[in-house]
Structures are given as structure tokens and as C-alpha cells.
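Engineer: Pasting coords_0.cif below, which is mmCIF, C-alpha atoms and all ligand atoms.
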```cif
data_my_file
loop_
_atom_site.label_atom_id
_atom_site.label_comp_id
_atom_site.auth_asym_id
_atom_site.auth_seq_id
_atom_site.Cartn_x
_atom_site.Cartn_y
_atom_site.Cartn_z
CA MET A 1 -33.12 23.69 -123.38
CA LYS A 2 -32.54 25.26 -119.93
CA LYS A 3 -34.15 22.16 -118.39
CA ILE A 4 -31.79 19.83 -120.28
CA ILE A 5 -28.73 21.85 -119.16
CA ALA A 6 -29.97 21.78 -115.54
CA LEU A 7 -30.48 18.01 -115.74
CA LEU A 8 -27.04 17.50 -117.23
CA LEU A 9 -25.47 19.67 -114.53
CA SER A 10 -27.12 17.75 -111.70
CA ALA A 11 -26.10 14.43 -113.29
CA ILE A 12 -22.49 15.65 -113.43
CA MET A 13 -22.68 16.70 -109.77
CA VAL A 14 -23.97 13.27 -108.68
CA MET A 15 -21.18 11.55 -110.65
CA ALA A 16 -18.57 13.84 -109.09
CA LEU A 17 -19.91 12.94 -105.65
CA PHE A 18 -19.48 9.18 -106.31
CA ALA A 19 -16.02 9.69 -107.82
CA GLY A 20 -15.03 11.62 -104.70
CA CYS A 21 -16.01 8.72 -102.41
CA ALA A 22 -14.18 6.16 -104.48
CA GLY A 23 -11.06 8.29 -104.43
CA LYS A 24 -10.75 8.30 -100.64
CA PRO A 25 -10.39 4.63 -99.68
CA ALA A 26 -8.17 5.31 -96.67
CA ASP A 27 -10.75 7.54 -94.98
CA ASP A 28 -13.60 5.22 -95.85
CA ASN A 29 -11.78 2.25 -94.30
CA LYS A 30 -12.01 3.89 -90.93
CA GLY A 31 -15.79 3.99 -91.18
CA GLY A 32 -18.04 6.99 -90.92
CA ALA A 33 -21.06 8.30 -89.12
CA ASP A 34 -23.34 7.24 -91.98
CA GLY A 35 -23.69 3.63 -90.84
CA ASP A 36 -20.59 2.45 -92.70
CA LYS A 37 -18.60 0.45 -90.15
CA GLY A 38 -15.31 0.47 -92.07
CA THR A 39 -13.15 -2.26 -93.56
CA ILE A 40 -11.74 -5.27 -91.74
CA GLY A 41 -8.58 -6.80 -93.19
CA VAL A 42 -8.43 -10.59 -93.02
CA CYS A 43 -5.13 -12.40 -93.72
CA ILE A 44 -5.35 -16.17 -94.30
CA TYR A 45 -2.13 -18.24 -94.35
CA LYS A 46 -3.24 -19.89 -97.58
CA PHE A 47 -6.58 -20.26 -99.35
CA ASP A 48 -5.71 -23.78 -100.50
CA ASP A 49 -6.45 -25.38 -97.11
CA ALA A 50 -9.73 -27.23 -96.66
CA PHE A 51 -10.41 -26.24 -93.05
CA MET A 52 -9.30 -22.63 -93.42
CA THR A 53 -11.60 -22.30 -96.44
CA THR A 54 -14.62 -23.13 -94.28
CA TYR A 55 -13.29 -20.83 -91.59
CA ARG A 56 -12.72 -17.84 -93.88
CA ASN A 57 -16.13 -18.23 -95.52
CA ASN A 58 -17.72 -18.13 -92.07
CA LEU A 59 -15.67 -15.07 -91.09
CA GLU A 60 -16.58 -13.18 -94.23
CA GLU A 61 -20.27 -13.97 -93.85
CA ILE A 62 -20.41 -12.93 -90.19
CA LEU A 63 -18.46 -9.68 -90.76
CA LYS A 64 -20.62 -8.70 -93.74
CA SER A 65 -23.83 -9.49 -91.87
CA LYS A 66 -22.69 -7.05 -89.20
CA GLY A 67 -22.22 -4.29 -91.76
CA TYR A 68 -18.42 -4.34 -92.18
CA LYS A 69 -16.61 -4.22 -95.47
CA VAL A 70 -14.25 -7.15 -95.68
CA SER A 71 -11.01 -7.61 -97.56
CA VAL A 72 -9.68 -11.19 -97.39
CA VAL A 73 -6.20 -11.95 -98.75
CA ASP A 74 -4.31 -15.17 -99.51
CA GLY A 75 -0.82 -15.42 -97.99
CA ASN A 76 0.03 -18.35 -100.29
CA ASN A 77 1.87 -19.97 -97.38
CA ASP A 78 4.55 -17.27 -97.69
CA GLN A 79 5.29 -15.21 -94.58
CA ASN A 80 7.03 -12.43 -96.57
CA LYS A 81 3.96 -12.06 -98.73
CA GLN A 82 1.72 -11.94 -95.67
CA ASN A 83 3.93 -9.27 -94.06
CA GLU A 84 3.45 -7.11 -97.16
CA GLN A 85 -0.30 -7.69 -97.03
CA ILE A 86 -0.37 -6.57 -93.40
CA ASP A 87 1.66 -3.45 -94.31
CA THR A 88 -0.79 -2.66 -97.11
CA PHE A 89 -3.79 -3.03 -94.81
CA ILE A 90 -2.09 -0.72 -92.31
CA THR A 91 -1.42 1.90 -95.01
CA GLN A 92 -5.04 1.67 -96.13
CA GLY A 93 -6.09 2.37 -92.56
CA VAL A 94 -8.31 -0.68 -91.97
CA LYS A 95 -10.30 -0.58 -88.78
CA ALA A 96 -9.14 -3.92 -87.43
CA LEU A 97 -7.19 -6.96 -88.57
CA ILE A 98 -7.90 -10.68 -88.28
CA ILE A 99 -4.72 -12.61 -89.00
CA ASN A 100 -4.07 -16.34 -89.49
CA PRO A 101 -0.25 -16.23 -89.42
CA VAL A 102 1.70 -18.21 -91.98
CA MET A 103 4.35 -19.03 -89.40
CA THR A 104 3.84 -18.92 -85.68
CA SER A 105 7.51 -18.02 -85.38
CA ALA A 106 6.73 -14.75 -87.22
CA ALA A 107 4.31 -13.66 -84.48
CA ASP A 108 6.79 -11.19 -82.97
CA SER A 109 7.16 -9.16 -86.15
CA ILE A 110 3.41 -9.30 -86.87
CA ILE A 111 2.63 -8.08 -83.35
CA ASP A 112 5.24 -5.34 -83.72
CA LYS A 113 3.61 -4.08 -86.90
CA VAL A 114 0.05 -3.93 -85.59
CA LYS A 115 1.17 -2.43 -82.31
CA ASN A 116 3.08 0.39 -84.03
CA ALA A 117 0.03 1.08 -86.18
CA ASN A 118 -2.26 0.85 -83.12
CA ILE A 119 -4.68 -1.49 -84.95
CA PRO A 120 -6.89 -3.83 -82.89
CA THR A 121 -5.94 -7.34 -83.97
CA VAL A 122 -7.32 -10.84 -83.57
CA LEU A 123 -4.93 -13.68 -84.34
CA ILE A 124 -6.57 -16.95 -85.33
CA ASN A 125 -5.75 -20.64 -85.85
CA ARG A 126 -1.98 -20.49 -85.17
CA GLU A 127 -1.31 -19.67 -81.56
CA PRO A 128 1.73 -17.67 -80.48
CA THR A 129 3.06 -17.87 -76.92
CA ALA A 130 1.47 -15.84 -74.13
CA GLU A 131 4.75 -13.95 -73.80
CA GLN A 132 4.74 -12.93 -77.47
CA MET A 133 1.18 -11.66 -77.20
CA SER A 134 1.81 -9.72 -74.01
CA ALA A 135 3.68 -7.11 -76.10
CA TYR A 136 0.37 -5.57 -77.23
CA ASP A 137 -2.82 -5.25 -75.19
CA LYS A 138 -5.14 -4.67 -78.17
CA LEU A 139 -4.37 -8.18 -79.37
CA VAL A 140 -6.16 -11.44 -78.71
CA TYR A 141 -5.83 -15.01 -80.00
CA VAL A 142 -8.98 -16.98 -80.79
CA GLY A 143 -8.59 -20.70 -81.38
CA CYS A 144 -8.83 -24.06 -79.70
CA ASP A 145 -6.72 -25.93 -77.20
CA ALA A 146 -4.82 -28.22 -79.56
CA ALA A 147 -3.96 -30.67 -76.77
CA GLN A 148 -7.69 -31.32 -76.32
CA SER A 149 -8.10 -32.44 -79.94
CA GLY A 150 -5.17 -34.83 -79.58
CA THR A 151 -6.60 -36.30 -76.40
CA PHE A 152 -9.97 -36.77 -78.11
CA GLN A 153 -8.31 -38.63 -81.00
CA GLY A 154 -6.67 -41.00 -78.52
CA GLU A 155 -10.01 -41.48 -76.77
CA LEU A 156 -11.69 -42.36 -80.06
CA ILE A 157 -9.24 -45.27 -80.32
CA LEU A 158 -9.71 -46.20 -76.64
CA ASP A 159 -13.46 -46.39 -77.30
CA THR A 160 -13.05 -49.14 -79.93
CA PRO A 161 -13.84 -52.74 -78.79
CA ASN A 162 -10.14 -53.74 -78.65
CA LYS A 163 -8.79 -50.29 -77.67
CA GLY A 164 -6.81 -50.18 -80.91
CA ASP A 165 -5.03 -53.51 -80.44
CA ILE A 166 -6.56 -55.27 -83.43
CA ASN A 167 -4.07 -58.14 -83.64
CA GLY A 168 -4.07 -58.74 -79.90
CA ASP A 169 -0.30 -58.57 -79.46
CA GLY A 170 -0.60 -56.34 -76.41
CA LYS A 171 0.41 -53.09 -78.09
CA VAL A 172 -1.10 -50.53 -80.44
CA SER A 173 1.04 -50.06 -83.57
CA TYR A 174 0.34 -46.82 -85.37
CA ILE A 175 1.50 -44.42 -88.01
CA MET A 176 1.24 -40.67 -87.43
CA ILE A 177 0.54 -38.36 -90.37
CA GLN A 178 1.45 -34.94 -89.09
CA GLY A 179 0.44 -31.44 -90.17
CA ASP A 180 3.05 -28.71 -90.61
CA PRO A 181 5.28 -29.38 -87.58
CA GLU A 182 6.02 -25.65 -87.14
CA ASN A 183 2.43 -25.39 -86.03
CA ILE A 184 1.38 -26.03 -82.45
CA ASP A 185 -1.77 -27.87 -83.59
CA ALA A 186 0.44 -30.44 -85.30
CA GLN A 187 2.82 -30.71 -82.36
CA LEU A 188 0.16 -31.13 -79.67
CA ARG A 189 -2.17 -33.41 -81.63
CA THR A 190 0.77 -35.71 -82.32
CA GLU A 191 1.78 -35.73 -78.68
CA TYR A 192 -1.60 -35.91 -76.96
CA SER A 193 -3.27 -38.53 -79.18
CA VAL A 194 -0.59 -41.02 -78.19
CA LYS A 195 -0.44 -39.74 -74.61
CA ALA A 196 -4.13 -40.60 -74.15
CA LEU A 197 -3.34 -44.24 -74.99
CA LYS A 198 -0.28 -44.33 -72.73
CA ASP A 199 -2.19 -42.68 -69.87
CA ALA A 200 -4.74 -45.48 -70.16
CA GLY A 201 -1.92 -47.97 -69.59
CA ILE A 202 -1.63 -49.08 -73.20
CA GLU A 203 1.67 -49.92 -74.81
CA VAL A 204 2.23 -48.15 -78.11
CA GLU A 205 4.57 -48.64 -81.05
CA GLU A 206 5.22 -45.85 -83.53
CA LEU A 207 5.89 -47.43 -86.92
CA ASP A 208 6.27 -44.12 -88.72
CA LEU A 209 5.79 -40.37 -88.32
CA GLN A 210 5.77 -38.21 -91.44
CA ARG A 211 4.79 -34.65 -92.14
CA GLY A 212 1.86 -34.32 -94.50
CA ASP A 213 1.49 -30.55 -94.09
CA TRP A 214 -2.33 -30.74 -93.70
CA ASP A 215 -2.53 -31.84 -97.35
CA ARG A 216 -4.78 -34.57 -98.76
CA ASN A 217 -2.36 -35.76 -101.46
CA LYS A 218 0.50 -36.00 -99.00
CA GLY A 219 -1.73 -37.96 -96.60
CA GLN A 220 -2.55 -40.37 -99.41
CA GLU A 221 1.12 -40.85 -100.39
CA ILE A 222 2.38 -41.35 -96.84
CA ALA A 223 -0.33 -43.91 -96.08
CA GLN A 224 0.33 -45.70 -99.37
CA ASN A 225 4.07 -46.04 -98.66
CA ASP A 226 3.53 -47.10 -95.06
CA LEU A 227 0.89 -49.67 -95.98
CA ALA A 228 3.29 -51.13 -98.52
CA LYS A 229 6.10 -51.17 -95.96
CA PHE A 230 4.35 -52.23 -92.75
CA GLY A 231 1.20 -53.97 -94.06
CA ASP A 232 -0.96 -55.60 -91.37
CA GLN A 233 1.30 -54.30 -88.61
CA ILE A 234 -0.51 -50.96 -88.87
CA GLU A 235 -3.48 -50.95 -86.52
CA VAL A 236 -4.12 -47.22 -86.22
CA VAL A 237 -3.65 -44.31 -88.62
CA PHE A 238 -3.56 -41.03 -86.70
CA CYS A 239 -3.93 -37.98 -88.94
CA ASN A 240 -3.55 -34.47 -87.52
CA ASN A 241 -6.44 -33.36 -89.75
CA ASP A 242 -9.29 -34.70 -91.86
CA ASP A 243 -7.96 -33.72 -95.25
CA MET A 244 -4.92 -35.97 -94.73
CA ALA A 245 -7.24 -38.66 -93.30
CA ILE A 246 -9.39 -38.59 -96.45
CA GLY A 247 -6.17 -39.05 -98.46
CA ALA A 248 -5.08 -41.89 -96.18
CA LEU A 249 -8.49 -43.53 -96.58
CA GLN A 250 -8.00 -43.73 -100.35
CA SER A 251 -4.76 -45.67 -99.78
CA ILE A 252 -6.30 -47.84 -97.07
CA GLN A 253 -9.10 -48.84 -99.43
CA ALA A 254 -6.71 -49.32 -102.36
CA ALA A 255 -4.67 -51.69 -100.16
CA GLY A 256 -7.82 -53.76 -99.53
CA ARG A 257 -8.01 -52.86 -95.85
CA THR A 258 -11.29 -52.11 -94.08
CA VAL A 259 -11.58 -49.32 -91.52
CA ASN A 260 -13.03 -50.36 -88.16
CA LYS A 261 -12.42 -54.01 -89.04
CA ASP A 262 -8.70 -54.41 -89.63
CA ILE A 263 -7.47 -50.81 -89.20
CA TYR A 264 -8.58 -47.63 -87.40
CA LEU A 265 -8.46 -44.12 -88.84
CA VAL A 266 -8.99 -40.80 -87.05
CA GLY A 267 -8.72 -37.14 -88.08
CA VAL A 268 -9.57 -33.67 -86.80
CA ASP A 269 -11.78 -30.86 -88.23
CA ALA A 270 -15.11 -32.54 -89.05
CA LEU A 271 -14.97 -31.48 -92.69
CA ASP A 272 -18.15 -32.41 -94.57
CA ALA A 273 -16.29 -35.16 -96.46
CA ALA A 274 -15.02 -36.64 -93.18
CA LEU A 275 -18.49 -36.54 -91.61
CA ASN A 276 -19.76 -38.60 -94.55
CA GLU A 277 -16.97 -41.15 -94.09
CA VAL A 278 -17.61 -41.39 -90.33
CA GLU A 279 -21.29 -41.91 -91.04
CA GLN A 280 -20.52 -44.70 -93.50
CA GLY A 281 -18.02 -46.33 -91.14
CA ASN A 282 -14.99 -45.49 -93.29
CA MET A 283 -13.41 -43.38 -90.57
CA THR A 284 -13.36 -44.38 -86.91
CA GLY A 285 -14.06 -40.82 -85.91
CA THR A 286 -13.01 -37.21 -86.11
CA VAL A 287 -12.96 -34.16 -83.85
CA LEU A 288 -14.99 -31.06 -84.57
CA ASN A 289 -12.73 -28.04 -85.08
CA ASP A 290 -15.54 -25.52 -84.82
CA ALA A 291 -14.92 -23.09 -87.71
CA LYS A 292 -18.20 -21.27 -87.21
CA GLY A 293 -17.78 -21.05 -83.43
CA GLN A 294 -14.24 -19.71 -83.81
CA ALA A 295 -15.23 -17.21 -86.51
CA THR A 296 -18.08 -15.99 -84.32
CA LYS A 297 -15.78 -15.63 -81.31
CA ALA A 298 -13.10 -13.88 -83.39
CA VAL A 299 -15.59 -11.25 -84.57
CA GLU A 300 -16.97 -10.87 -81.03
CA CYS A 301 -13.45 -10.25 -79.67
CA MET A 302 -12.68 -7.88 -82.53
CA GLU A 303 -15.77 -5.82 -81.68
CA GLU A 304 -14.78 -5.74 -78.02
CA LEU A 305 -11.33 -4.44 -79.01
CA LEU A 306 -12.99 -1.83 -81.21
CA GLY A 307 -15.11 -0.87 -78.22
CA GLY A 308 -11.93 -0.13 -76.25
CA LYS A 309 -11.34 -3.41 -74.41
CA THR A 310 -7.72 -4.31 -73.71
CA TYR A 311 -6.34 -7.71 -72.75
CA ALA A 312 -4.10 -8.36 -69.77
CA SER A 313 -0.98 -10.42 -70.30
CA GLY A 314 -1.71 -14.13 -69.78
CA GLU A 315 -5.38 -13.67 -70.71
CA GLN A 316 -4.96 -13.23 -74.42
CA SER A 317 -6.01 -16.71 -75.57
CA VAL A 318 -9.71 -17.39 -76.02
CA TYR A 319 -10.61 -21.02 -76.69
CA VAL A 320 -13.57 -22.69 -78.36
CA ASP A 321 -14.10 -26.36 -77.43
CA TYR A 322 -13.40 -29.31 -79.70
CA VAL A 323 -16.04 -32.06 -79.83
CA LYS A 324 -15.58 -35.79 -80.49
CA VAL A 325 -17.49 -37.05 -83.54
CA THR A 326 -18.41 -40.74 -83.84
CA PRO A 327 -21.05 -42.65 -85.85
CA ASP A 328 -23.35 -42.21 -82.82
CA ASN A 329 -23.47 -38.40 -82.92
CA VAL A 330 -22.30 -37.60 -86.46
CA LYS A 331 -25.82 -36.56 -87.52
CA ASP A 332 -25.68 -33.63 -85.08
CA PHE A 333 -22.85 -32.09 -87.11
CA LYS A 334 -24.30 -32.41 -90.62
C1 LIG A 401 -5.70 -26.74 -88.07
C2 LIG A 401 -6.63 -27.58 -88.92
C3 LIG A 401 -5.90 -28.01 -90.18
C4 LIG A 401 -5.30 -26.83 -90.88
C5 LIG A 401 -4.45 -26.01 -89.92
C6 LIG A 401 -3.89 -24.78 -90.56
O1 LIG A 401 -6.39 -26.28 -86.93
O2 LIG A 401 -7.02 -28.71 -88.20
O3 LIG A 401 -6.78 -28.70 -91.03
O4 LIG A 401 -6.33 -26.03 -91.39
O5 LIG A 401 -5.24 -25.64 -88.79
O6 LIG A 401 -3.14 -24.04 -89.66
#
```
Please go through the file and, once you have read it, give me the structure as C-alpha cells.
Ligand code: GAL
Structural biologist:
Amino acid sequence: MKKIIALLLSAIMVMALFAGCAGKPADDNKGGADGDKGTIGVCIYKFDDAFMTTYRNNLEEILKSKGYKVSVVDGNNDQNKQNEQIDTFITQGVKALIINPVMTSAADSIIDKVKNANIPTVLINREPTAEQMSAYDKLVYVGCDAAQSGTFQGELILDTPNKGDINGDGKVSYIMIQGDPENIDAQLRTEYSVKALKDAGIEVEELDLQRGDWDRNKGQEIAQNDLAKFGDQIEVVFCNNDDMAIGALQSIQAAGRTVNKDIYLVGVDALDAALNEVEQGNMTGTVLNDAKGQATKAVECMEELLGGKTYASGEQSVYVDYVKVTPDNVKDFK
């Protein structure tokens, strides 16, 4: 009987110990001496975005493999919601934050929050200005130089046999399917893709520019309407990302057009679906937006911040290179 009571008592003690741990999330988030490295809060602008899904999966995997606890939240494309999520992470006492802002224009208030809470923060994917970032030295942006991806898209067209001028009328007539124009990636890809053609001395004609908000269905609708309106006049379809390009491809095929024969189509991201289409000749090319490389760099910078590194004003943007993807090298990315 004594033995049973002793066993019961020790079982109760063990349970009390576990209950005690679970009841102190704020302390645990900071990490302890027992090998627990604490919790990292990750805010994504919205989960329903093809590229950011690959990116966040990479982030989560890398952070977990390094022994961090990870809490990833969906901002649902709503800046107010994301602000609340950041506040909650701060109250919970997370060790560091990785934030993909919903709106670049909200960067000031985000930076204010993390600075007041003294939390090392890595911003990703939506780049604020250097001036905005200079407000806090435990803050760094990890992303890519959006202008580079635009230039590469233009070069993909320049590399075609007729440099994009399929009908030989001396100019390249295109439609531009843009991402969310609030976003610098959308602005610079739109500008630099066309600039690459102009810089090569080519005359261009913009038949239409519409915002497709990075979304496949919108890409499909815009392309469908433009193909109905402009028909064979369209020689090039520039899409600020692959998801919209995949949508546009559906409309191109439905209209009986053939990519690389009577129309060109380029995107950015190198999503798996786009790599397949490039391989099969249904997309002229895409540009690798290196989700894994950026996630790796973001975690590296986060760990440097945790180690005490601070960033000088003007040196707070860390870039990972884009890479052109064509049928010739597509296998390297699969
Ligand atoms: C871009 C990417 C888009 C979309 C966007 C979200 O870099 O090319 O597909 O994910 O980020 O901000």
C-alpha cells in the first residue's frame, strides 16, 4: 500500500512539473539554459500566396532544424490584423521576429513597435526605404533587388530570335500584368522589364497595364480580356510573378495562341508549376526568386542580431540574387 501511495505521489509531482512549464509561456519564449532556444514569431502577409507559401515553409523548416520553436501567423492581407499579431508576439516575449509586412507603407509603425519592445527583427519580401529602417539598428531587411528581376524579364525577351517583335512591325507590343502596385517588387519589375527593351534600342508599345495582385485567377481574367480586345497585336505578356503567368497561360491557350511561336510569356519566382511550363515550352522563361536562399539568409541575419550585431543606417538591406530561368537551364532548378 505504501508503495502505491509513493508511486501516486511521484506521478502527481511529475504532472505538476509539466503543468508548471505549460503555464509559463512568456518565460519559455525567451529560451532557457536547457538547450531550448526560445520562440521566433513569423508574420506572413497572407498564407494564400503561392510564392510566400514556399518561402514560409522553408523558414519554418530552417528555424526548427536549428532548435527554435516557431509560431507562424497569417495576416490575411490585413495590416490591422498583422499589427495585432505583432503586439501579441511582443506580449508573449518572443525572442525575435521575422515579418513580411502586409503594406510597405506600414513599415514605420511596425518598426516603432519592435524598437520599443527591443526585439531583434528581420523584415522580408516587402522592402521599406533605407530611411525608415534607420530608425532601429536591430533591424534588417532580407530580400532581392526587384529591379534585377525586371531587367532579367526584359532580357528573356531580348534573347528570343526576334527580340519580341513577332510581327516584324518594328516595335514590341505588350501587356503588363502587375502585382500589388503598393509593393516595390511590382513597381520595379514593371519598370525595369520594359526599360531593358528600351535600353537595347527597341521601341515598345504598352497595350494594357492591369493590377493582378499576384493572383492566378486575376492573371487569367486580365489576359482573357486583353486577348479578346487586342488579339494578335499582343506579342509579349509580362507578368510580375509566375502565379499570374500560369493564369495568363490558361487564357493564351484557350485563345488558340502558342507561346514562343506567336506570343511570349514571362514571369518571376520559378514556382514548380512555372518550371514545368518553361520546360515544356509553354512559358518563354521565368526568374528564380530564391525562397530557400532568402529564408536561409533571413535566419542567418536573425541569429547575428541575437548575437548582438547591429546594423548601420544605409546597410540594412541584404540581397539574394535572382537568376534567369530558360529551357536551357531549367533542369538545374527542379
Ligand atoms: C514577390 C513574389 C510574388 C508575391 C509577392 C508578395 O516577391 O514574386 O509572387 O509573393 O512577393 O509580396
Engineer: Output the neighbourhood of ligand LIG 401 (chain A) as a PDB file with C-alpha atoms, in the frame of the given file, that is, all protein and nucleic acid residues with some atom at most 7 Å from the ligand, counting only C-alpha atoms and all ligand atoms.
Structural biologist:
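Writing done, so here's part12.pdb:
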```
ATOM      1  CA  ASP A  49      -6.450 -25.380 -97.110  1.00  0.00           C
ATOM      2  CA  ALA A  50      -9.730 -27.230 -96.660  1.00  0.00           C
ATOM      3  CA  PHE A  51     -10.410 -26.240 -93.050  1.00  0.00           C
ATOM      4  CA  MET A  52      -9.300 -22.630 -93.420  1.00  0.00           C
ATOM      5  CA  ASN A 125      -5.750 -20.640 -85.850  1.00  0.00           C
ATOM      6  CA  ARG A 126      -1.980 -20.490 -85.170  1.00  0.00           C
ATOM      7  CA  ASN A 183       2.430 -25.390 -86.030  1.00  0.00           C
ATOM      8  CA  ASP A 185      -1.770 -27.870 -83.590  1.00  0.00           C
ATOM      9  CA  TRP A 214      -2.330 -30.740 -93.700  1.00  0.00           C
ATOM     10  CA  ASN A 240      -3.550 -34.470 -87.520  1.00  0.00           C
ATOM     11  CA  ASN A 241      -6.440 -33.360 -89.750  1.00  0.00           C
ATOM     12  CA  ASP A 242      -9.290 -34.700 -91.860  1.00  0.00           C
ATOM     13  CA  ASP A 243      -7.960 -33.720 -95.250  1.00  0.00           C
ATOM     14  CA  VAL A 268      -9.570 -33.670 -86.800  1.00  0.00           C
ATOM     15  CA  ASP A 269     -11.780 -30.860 -88.230  1.00  0.00           C
ATOM     16  CA  ASN A 289     -12.730 -28.040 -85.080  1.00  0.00           C
TER      17      ASN A 289
END
```
Engineer: Between A:Lys334, A:Lys198, A:Lys113, A:Lys95, which has the minimum distance to Met302 in chain A (counting all atoms listed in the file)?
Structural biologist: A:Lys95
Engineer: Find the residues with any atom within 7 Å of (-1.5, -42.6, -88.1); use only C-alpha atoms and the coordinates as given in the file, and write the answer as a VMD selection string.
Structural biologist: chain A and resid 174 to 177 236 to 239
Engineer: Just the number, please: distance in Å from CA of Glu127 in chain A to CA of Gln210 in chain A, one decimal.
Structural biologist: 22.2 Å
Engineer: Just to confirm, what's the straight-line distance from CA of Gly308 in chain A to CA of Glu61 in chain A in Å (one decimal)?
Structural biologist: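 Atom-to-atom, CA of Gly308 in chain A and CA of Glu61 in chain A are spaced 23.9 Å apart.
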Engineer: Range 315-318 of chain A: which residues within 12 Å, counting only C-alpha atoms, same-chain residues fewer than 4 positions away excluded, as a PyMOL selection string?
Structural biologist: chain A and resi 121-145+293-298+300-302+305+309-311
